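Student: Have a look at this one before I ask anything.
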Amino acid sequence: DFAPQEYLIGIRPQTLILMGRDKLEPLRRQVHLNGKLTYGPGLGATAASFDGTAFLAVPDCGLLDEQGTLEAWIHLPPTPSAGTGTILRLDGVEPWTYHRLERAEAANRIQYVTYDGTASSWTASPDLEPGWHHVAATWSIATGTTELFVDGVSVGTSTYTLTTCAGATLHVGGLPGKTSPANAFVGGIAAVLISQTAHQPKPETLMEPPAAQPETALLLTFDDEKQRLADSSGRIPEGVLPDFWDDQGTCYAAYDFLERHCGVRWFNPTDS
């Protein structure tokens, strides 16, 4: 109910509120970084290094409940951290369900767990050598099975019943926690791929940089120029700045707060 360009700066105990009337836009799926990543050599490219203090979130990554594939190129350190390490995870609602591709607690085993709101189903790999690995998990309601692959080789299957994860946020490297990421993964991630079909990875292609296919819903690869993992599938548009006359009250609330209370000034409405 704000008027055009109207905004609010509200200060409450332990809370700062900056909000205003903004132009209604369709939901833009973007890669959101929580915390700070470092970057270094990867498997044929540069990769992001997760130290347990950061994770990525991608709203509505395009996953289908009926069938699909989760893939990640990961680096396992010699000594695994305590606790479970989230590689990829989606949580559905009504009822609560999930897909979890993760490093097992205090071990360098990979496990894939699904939960349909009533019962869970899981598959785990043997202990893996430290270093780079390709991990993939597939599911299909048509066959009623899930399957876990490590370096292109199947390590087991389990049963699958329909989840409610379509439209859910994909978490990479950890989950939101009170003061730090929960179930944080410690290691490297060079790429993440989500497909809308269940397919067995081809070992001969796993050493090549992944490329988007017609069935690709999400492809996160390292962007050397911007120093971040970015979508390369072409399905997630970059953020678009509002036009001059568009409602952007929340932006103005942030500007006003920075000017009044933080001593920030702008010489020009540009980068310089």
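Here's how to read the names in the structure tokens: chain A, B, ... by the order shown, residue numbers from 1 in each chain, ligand numbers from 1 in the order shown.
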Using 6 Å as the limit and counting only C-alpha atoms, can you tabulate each residue of segment 34-69 of chain A that touches segment 134-145 of chain A, with its shortest atom-to-atom distance in Å and the two atoms involved, as a Markdown table?
Tutor:
```
| residue | atom | partner | partner_atom | distance |
| --- | --- | --- | --- | --- |
| A:Glu66 | CA | A:Ile141 | CA | 5.2 |
| A:Gln67 | CA | A:Ser140 | CA | 4.3 |
| A:Gly68 | CA | A:Trp139 | CA | 5.7 |
| A:Thr69 | CA | A:Thr138 | CA | 4.4 |
```
Student: Which residues, written as a PyMOL selection string, have at least one atom at most 7 Å from segment 244-256 of chain A, with only C-alpha atoms counted and residues fewer than 2 positions away on the same chain left out?
Tutor: chain A and resi 4-9+18-23+242+258-260
Student: Next, write the just-selected residues to a file, as a short mmCIF file (atom, residue, chain, number, x, y, z; two decimals), in the first residue's frame, keeping all heavy atoms as the atom set.
Tutor:
```cif
data_model
loop_
_atom_site.label_atom_id
_atom_site.label_comp_id
_atom_site.auth_asym_id
_atom_site.auth_seq_id
_atom_site.Cartn_x
_atom_site.Cartn_y
_atom_site.Cartn_z
N PRO A 4 3.77 5.52 -4.92
CA PRO A 4 4.93 5.38 -5.82
C PRO A 4 6.20 5.95 -5.20
O PRO A 4 6.20 7.08 -4.70
CB PRO A 4 4.50 6.14 -7.07
CG PRO A 4 3.01 6.00 -7.09
CD PRO A 4 2.60 6.07 -5.65
N GLN A 5 7.26 5.19 -5.20
CA GLN A 5 8.59 5.53 -4.69
C GLN A 5 8.63 5.70 -3.17
O GLN A 5 9.68 6.07 -2.63
CB GLN A 5 9.15 6.79 -5.37
CG GLN A 5 9.12 6.77 -6.88
CD GLN A 5 10.00 5.71 -7.51
OE1 GLN A 5 10.52 4.84 -6.83
NE2 GLN A 5 10.15 5.78 -8.83
N GLU A 6 7.54 5.48 -2.47
CA GLU A 6 7.54 5.63 -1.01
C GLU A 6 8.33 4.49 -0.38
O GLU A 6 8.33 3.36 -0.88
CB GLU A 6 6.11 5.63 -0.47
CG GLU A 6 6.03 5.93 1.04
CD GLU A 6 4.60 5.96 1.54
OE1 GLU A 6 3.70 5.56 0.79
OE2 GLU A 6 4.40 6.39 2.69
N TYR A 7 8.99 4.81 0.75
CA TYR A 7 9.76 3.77 1.43
C TYR A 7 9.74 4.00 2.93
O TYR A 7 9.31 5.04 3.43
CB TYR A 7 11.20 3.73 0.91
CG TYR A 7 11.97 5.02 1.06
CD1 TYR A 7 12.65 5.33 2.24
CD2 TYR A 7 12.03 5.94 0.01
CE1 TYR A 7 13.36 6.50 2.38
CE2 TYR A 7 12.75 7.11 0.13
CZ TYR A 7 13.42 7.39 1.32
OH TYR A 7 14.12 8.56 1.44
N LEU A 8 10.25 3.00 3.65
CA LEU A 8 10.26 3.02 5.11
C LEU A 8 11.64 2.64 5.62
O LEU A 8 12.24 1.68 5.12
CB LEU A 8 9.23 2.03 5.66
CG LEU A 8 9.33 1.69 7.15
CD1 LEU A 8 8.92 2.86 8.01
CD2 LEU A 8 8.47 0.46 7.46
N ILE A 9 12.15 3.39 6.57
CA ILE A 9 13.33 2.99 7.33
C ILE A 9 12.85 2.75 8.74
O ILE A 9 12.38 3.67 9.42
CB ILE A 9 14.41 4.08 7.32
CG1 ILE A 9 14.90 4.33 5.89
CG2 ILE A 9 15.58 3.69 8.23
CD1 ILE A 9 15.90 5.47 5.78
N LEU A 18 14.46 -1.96 5.87
CA LEU A 18 14.57 -1.08 4.71
C LEU A 18 13.64 -1.65 3.66
O LEU A 18 13.92 -2.72 3.10
CB LEU A 18 16.00 -1.02 4.18
CG LEU A 18 17.08 -0.61 5.18
CD1 LEU A 18 18.46 -0.73 4.54
CD2 LEU A 18 16.84 0.81 5.67
N MET A 19 12.53 -0.97 3.39
CA MET A 19 11.55 -1.52 2.44
C MET A 19 10.81 -0.39 1.75
O MET A 19 10.74 0.73 2.25
CB MET A 19 10.56 -2.44 3.16
CG MET A 19 9.72 -1.74 4.23
SD MET A 19 8.62 -2.86 5.11
CE MET A 19 7.52 -3.38 3.80
N GLY A 20 10.28 -0.69 0.58
CA GLY A 20 9.54 0.33 -0.15
C GLY A 20 8.77 -0.28 -1.30
O GLY A 20 8.78 -1.48 -1.53
N ARG A 21 8.09 0.60 -2.03
CA ARG A 21 7.32 0.15 -3.18
C ARG A 21 8.25 -0.04 -4.37
O ARG A 21 8.99 0.86 -4.75
CB ARG A 21 6.24 1.17 -3.53
CG ARG A 21 5.44 0.83 -4.79
CD ARG A 21 4.19 1.64 -4.87
NE ARG A 21 3.56 1.55 -6.19
CZ ARG A 21 2.32 1.97 -6.44
NH1 ARG A 21 1.60 2.51 -5.47
NH2 ARG A 21 1.82 1.87 -7.65
N ASP A 22 8.22 -1.24 -4.94
CA ASP A 22 9.08 -1.58 -6.07
C ASP A 22 8.24 -2.04 -7.25
O ASP A 22 7.12 -2.54 -7.08
CB ASP A 22 10.06 -2.69 -5.69
CG ASP A 22 10.99 -2.28 -4.57
OD1 ASP A 22 11.50 -1.15 -4.62
OD2 ASP A 22 11.20 -3.08 -3.64
N LYS A 23 8.80 -1.88 -8.43
CA LYS A 23 8.14 -2.39 -9.62
C LYS A 23 8.03 -3.90 -9.54
O LYS A 23 8.99 -4.59 -9.20
CB LYS A 23 8.94 -2.00 -10.87
CG LYS A 23 8.36 -2.54 -12.17
CD LYS A 23 9.25 -2.19 -13.36
CE LYS A 23 8.70 -2.79 -14.65
NZ LYS A 23 9.59 -2.50 -15.81
N PRO A 242 16.56 -1.23 -12.61
CA PRO A 242 15.29 -0.60 -12.96
C PRO A 242 15.50 0.63 -13.84
O PRO A 242 16.56 1.27 -13.80
CB PRO A 242 14.72 -0.19 -11.59
CG PRO A 242 15.91 -0.07 -10.69
CD PRO A 242 16.88 -1.11 -11.17
N LEU A 258 22.04 4.79 4.18
CA LEU A 258 23.49 4.92 4.06
C LEU A 258 23.93 6.38 4.16
O LEU A 258 24.96 6.70 4.77
CB LEU A 258 23.97 4.32 2.74
CG LEU A 258 23.87 2.80 2.62
CD1 LEU A 258 24.20 2.35 1.21
CD2 LEU A 258 24.79 2.10 3.62
N GLU A 259 23.14 7.29 3.58
CA GLU A 259 23.50 8.70 3.63
C GLU A 259 23.31 9.29 5.02
O GLU A 259 24.16 10.03 5.53
CB GLU A 259 22.67 9.48 2.61
CG GLU A 259 23.06 9.20 1.16
CD GLU A 259 22.25 10.03 0.18
OE1 GLU A 259 21.15 10.48 0.56
OE2 GLU A 259 22.72 10.23 -0.95
N ARG A 260 22.17 8.98 5.64
CA ARG A 260 21.86 9.58 6.95
C ARG A 260 22.72 9.04 8.07
O ARG A 260 23.13 9.78 8.97
CB ARG A 260 20.39 9.32 7.29
CG ARG A 260 19.39 10.07 6.44
CD ARG A 260 18.01 9.95 7.07
NE ARG A 260 16.97 10.48 6.21
CZ ARG A 260 15.75 10.79 6.64
NH1 ARG A 260 15.44 10.61 7.91
NH2 ARG A 260 14.85 11.25 5.80
#
```
Student: As a list in words, please: the residues near Trp132 of chain A (cut-off 12 Å, only C-alpha atoms, same-chain neighbours under 6 positions excluded).
Tutor: Pro41, Gly42, Leu43, Gly44, Ala47, Ala72, Trp73, Ile74, His75, Leu76, Pro77, Pro78, Asn108, Val150, Asp151, Gly187, Gly188, Ile189, Ala190, Ala191, Leu206 and Met207 of chain A
Student: Could you please take those selected residues and save N, CA, C and O atoms as a JSON list (two decimals), in the first residue's frame?
Tutor:
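Written output follows (part_13.json):
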```json
[["chain", "number", "residue", "atom", "x", "y", "z"],
["A", 41, "PRO", "N", 42.75, -23.58, -8.28],
["A", 41, "PRO", "CA", 42.74, -24.55, -9.38],
["A", 41, "PRO", "C", 41.69, -25.62, -9.16],
["A", 41, "PRO", "O", 41.48, -26.09, -8.05],
["A", 42, "GLY", "N", 41.04, -26.01, -10.25],
["A", 42, "GLY", "CA", 40.02, -27.04, -10.18],
["A", 42, "GLY", "C", 40.33, -28.17, -11.13],
["A", 42, "GLY", "O", 41.49, -28.37, -11.53],
["A", 43, "LEU", "N", 39.34, -28.90, -11.49],
["A", 43, "LEU", "CA", 39.49, -30.03, -12.40],
["A", 43, "LEU", "C", 39.32, -29.53, -13.82],
["A", 43, "LEU", "O", 38.23, -29.47, -14.36],
["A", 44, "GLY", "N", 40.43, -29.11, -14.44],
["A", 44, "GLY", "CA", 40.37, -28.57, -15.79],
["A", 44, "GLY", "C", 39.92, -27.12, -15.85],
["A", 44, "GLY", "O", 39.80, -26.55, -16.91],
["A", 47, "ALA", "N", 37.97, -23.57, -9.51],
["A", 47, "ALA", "CA", 36.87, -24.05, -8.69],
["A", 47, "ALA", "C", 36.71, -23.19, -7.46],
["A", 47, "ALA", "O", 37.60, -22.42, -7.10],
["A", 72, "ALA", "N", 27.69, -33.11, -9.53],
["A", 72, "ALA", "CA", 28.65, -32.15, -9.00],
["A", 72, "ALA", "C", 30.05, -32.69, -9.19],
["A", 72, "ALA", "O", 30.29, -33.90, -9.07],
["A", 73, "TRP", "N", 30.98, -31.78, -9.51],
["A", 73, "TRP", "CA", 32.40, -32.08, -9.59],
["A", 73, "TRP", "C", 33.00, -31.56, -8.29],
["A", 73, "TRP", "O", 33.05, -30.34, -8.06],
["A", 74, "ILE", "N", 33.47, -32.46, -7.41],
["A", 74, "ILE", "CA", 33.87, -32.06, -6.05],
["A", 74, "ILE", "C", 35.29, -32.52, -5.74],
["A", 74, "ILE", "O", 35.80, -33.47, -6.33],
["A", 75, "HIS", "N", 35.90, -31.80, -4.79],
["A", 75, "HIS", "CA", 37.23, -32.17, -4.30],
["A", 75, "HIS", "C", 37.10, -32.51, -2.83],
["A", 75, "HIS", "O", 36.62, -31.70, -2.02],
["A", 76, "LEU", "N", 37.53, -33.74, -2.46],
["A", 76, "LEU", "CA", 37.48, -34.19, -1.08],
["A", 76, "LEU", "C", 38.85, -34.02, -0.44],
["A", 76, "LEU", "O", 39.85, -34.49, -0.99],
["A", 77, "PRO", "N", 38.93, -33.35, 0.72],
["A", 77, "PRO", "CA", 40.22, -33.18, 1.39],
["A", 77, "PRO", "C", 40.66, -34.48, 2.05],
["A", 77, "PRO", "O", 39.86, -35.39, 2.25],
["A", 78, "PRO", "N", 41.95, -34.58, 2.42],
["A", 78, "PRO", "CA", 42.44, -35.81, 3.06],
["A", 78, "PRO", "C", 41.72, -36.14, 4.36],
["A", 78, "PRO", "O", 41.46, -37.30, 4.65],
["A", 108, "ASN", "N", 34.71, -39.79, 4.00],
["A", 108, "ASN", "CA", 34.74, -39.39, 2.60],
["A", 108, "ASN", "C", 33.90, -40.36, 1.76],
["A", 108, "ASN", "O", 34.30, -40.79, 0.68],
["A", 150, "VAL", "N", 29.51, -42.61, -8.83],
["A", 150, "VAL", "CA", 30.75, -41.93, -8.48],
["A", 150, "VAL", "C", 31.74, -42.19, -9.60],
["A", 150, "VAL", "O", 32.03, -43.36, -9.93],
["A", 151, "ASP", "N", 32.24, -41.14, -10.20],
["A", 151, "ASP", "CA", 33.18, -41.23, -11.31],
["A", 151, "ASP", "C", 32.63, -42.09, -12.44],
["A", 151, "ASP", "O", 33.35, -42.88, -13.07],
["A", 187, "GLY", "N", 35.52, -28.51, 1.17],
["A", 187, "GLY", "CA", 36.17, -29.07, 0.00],
["A", 187, "GLY", "C", 35.96, -28.15, -1.19],
["A", 187, "GLY", "O", 35.56, -26.99, -1.05],
["A", 188, "GLY", "N", 36.22, -28.66, -2.38],
["A", 188, "GLY", "CA", 36.09, -27.86, -3.59],
["A", 188, "GLY", "C", 34.89, -28.29, -4.41],
["A", 188, "GLY", "O", 34.49, -29.46, -4.40],
["A", 189, "ILE", "N", 34.32, -27.34, -5.12],
["A", 189, "ILE", "CA", 33.25, -27.61, -6.08],
["A", 189, "ILE", "C", 33.58, -26.86, -7.36],
["A", 189, "ILE", "O", 33.73, -25.63, -7.34],
["A", 190, "ALA", "N", 33.72, -27.60, -8.46],
["A", 190, "ALA", "CA", 34.07, -26.98, -9.73],
["A", 190, "ALA", "C", 32.86, -26.71, -10.59],
["A", 190, "ALA", "O", 32.86, -25.78, -11.39],
["A", 191, "ALA", "N", 31.80, -27.51, -10.45],
["A", 191, "ALA", "CA", 30.60, -27.32, -11.27],
["A", 191, "ALA", "C", 29.45, -28.09, -10.65],
["A", 191, "ALA", "O", 29.64, -29.07, -9.93],
["A", 206, "LEU", "N", 33.69, -37.19, -18.29],
["A", 206, "LEU", "CA", 33.69, -36.55, -16.97],
["A", 206, "LEU", "C", 34.89, -35.65, -16.75],
["A", 206, "LEU", "O", 34.87, -34.81, -15.84],
["A", 207, "MET", "N", 35.94, -35.79, -17.53],
["A", 207, "MET", "CA", 37.11, -34.93, -17.39],
["A", 207, "MET", "C", 36.99, -33.68, -18.25],
["A", 207, "MET", "O", 37.87, -32.83, -18.23]]
```
Student: Give the answer as one residue: which of A:Leu175, A:Ala198, A:Ala230, A:Val264 has the shortest atom-to-atom distance to Asp91 of chain A, using only C-alpha atoms?
Tutor: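 Smallest distance to Asp91 of chain A is found for A:Leu175.
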Student: Could you go through segment 28-252 of chain A and tell me which residues DSSP, when run on the backbone, assigns to strand (DSSP E), listing them as a PyMOL selection string?
Tutor: chain A and resi 32-34+38-41+46-51+55-58+67-76+85-92+97-103+110-115+120-124+131-140+145-150+153-159+170-172+186-195+216-223+228-231
Student: Can you tell me which residues surround Ala54 of chain A at a distance of at most 6 Å, considering only C-alpha atoms, apart from same-chain residues fewer than 6 positions away, and format the answer as a PyMOL selection string?
Tutor: chain A and resi 34-36
Student: Please produce an output containing N, CA, C and O atoms for each residue in the selection, written as a PDB file, in the first residue's frame.
Tutor:
```
ATOM      1  N   ASN A  34      26.004 -16.789   0.254  1.00  0.00           N
ATOM      2  CA  ASN A  34      25.934 -16.458   1.670  1.00  0.00           C
ATOM      3  C   ASN A  34      27.295 -16.754   2.281  1.00  0.00           C
ATOM      4  O   ASN A  34      27.698 -17.912   2.390  1.00  0.00           O
ATOM      5  N   GLY A  35      28.029 -15.703   2.657  1.00  0.00           N
ATOM      6  CA  GLY A  35      29.386 -15.870   3.134  1.00  0.00           C
ATOM      7  C   GLY A  35      30.382 -15.517   2.052  1.00  0.00           C
ATOM      8  O   GLY A  35      30.069 -14.813   1.094  1.00  0.00           O
ATOM      9  N   LYS A  36      31.594 -16.021   2.171  1.00  0.00           N
ATOM     10  CA  LYS A  36      32.659 -15.697   1.215  1.00  0.00           C
ATOM     11  C   LYS A  36      33.362 -16.968   0.788  1.00  0.00           C
ATOM     12  O   LYS A  36      33.710 -17.813   1.617  1.00  0.00           O
TER      13      LYS A  36
END
```
Student: Can you tell me which residues surround Leu37 of chain A at a distance of at most 10 Å, considering only C-alpha atoms, apart from same-chain residues fewer than 2 positions away, and format the answer as a list in words?
Tutor: Leu33, Asn34, Gly35, Tyr39, Ala47, Ala48, Ser49, Phe50, Asp51, Gly52, Thr53, Ala54, Phe55, Leu56, Gln227, Arg228 and Leu229 of chain A
Student: Restricting the calculation to only C-alpha atoms: of A:Ser125, A:Ser233, A:Thr46, A:Asn183, which residue gets closest to Ile87 of chain A?
Tutor: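 So, comparing all the options, the nearest one is A:Asn183.
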Student: Quick one: residues within 6 Å of segment 168-173 of chain A, only C-alpha atoms, excluding same-chain residues fewer than 2 positions away - as a list of chain:residue names?
Tutor: A:Phe55, A:Leu56, A:Ala57, A:Val58, A:Pro59, A:Asp60, A:Thr86, A:Ile87, A:Leu88, A:Arg89, A:Leu90, A:Gly92, A:Cys165, A:Ala166, A:Ala184, A:Phe185
Student: In Å to one decimal, how far is atom CA of Glu129 of chain A from atom CA of Val153 of chain A?
Tutor: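 Computing the Euclidean distance for atom CA of Val153 of chain A and atom CA of Glu129 of chain A yields 14.9 Å.
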Student: I'd like to know which of A:Gly131, A:Gly174, A:Pro203, A:Pro210 is closest to Val186 of chain A, using only C-alpha atoms.
Tutor: A:Gly174
Student: For a quick check of understanding, using only C-alpha atoms, which of A:Gly263, A:Gly167, A:Pro176, A:Gly117 has the smallest distance to Leu63 of chain A?
Tutor: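 Between A:Gly263, A:Gly167, A:Pro176, A:Gly117, the residue approaching Leu63 of chain A most closely is A:Gly167.
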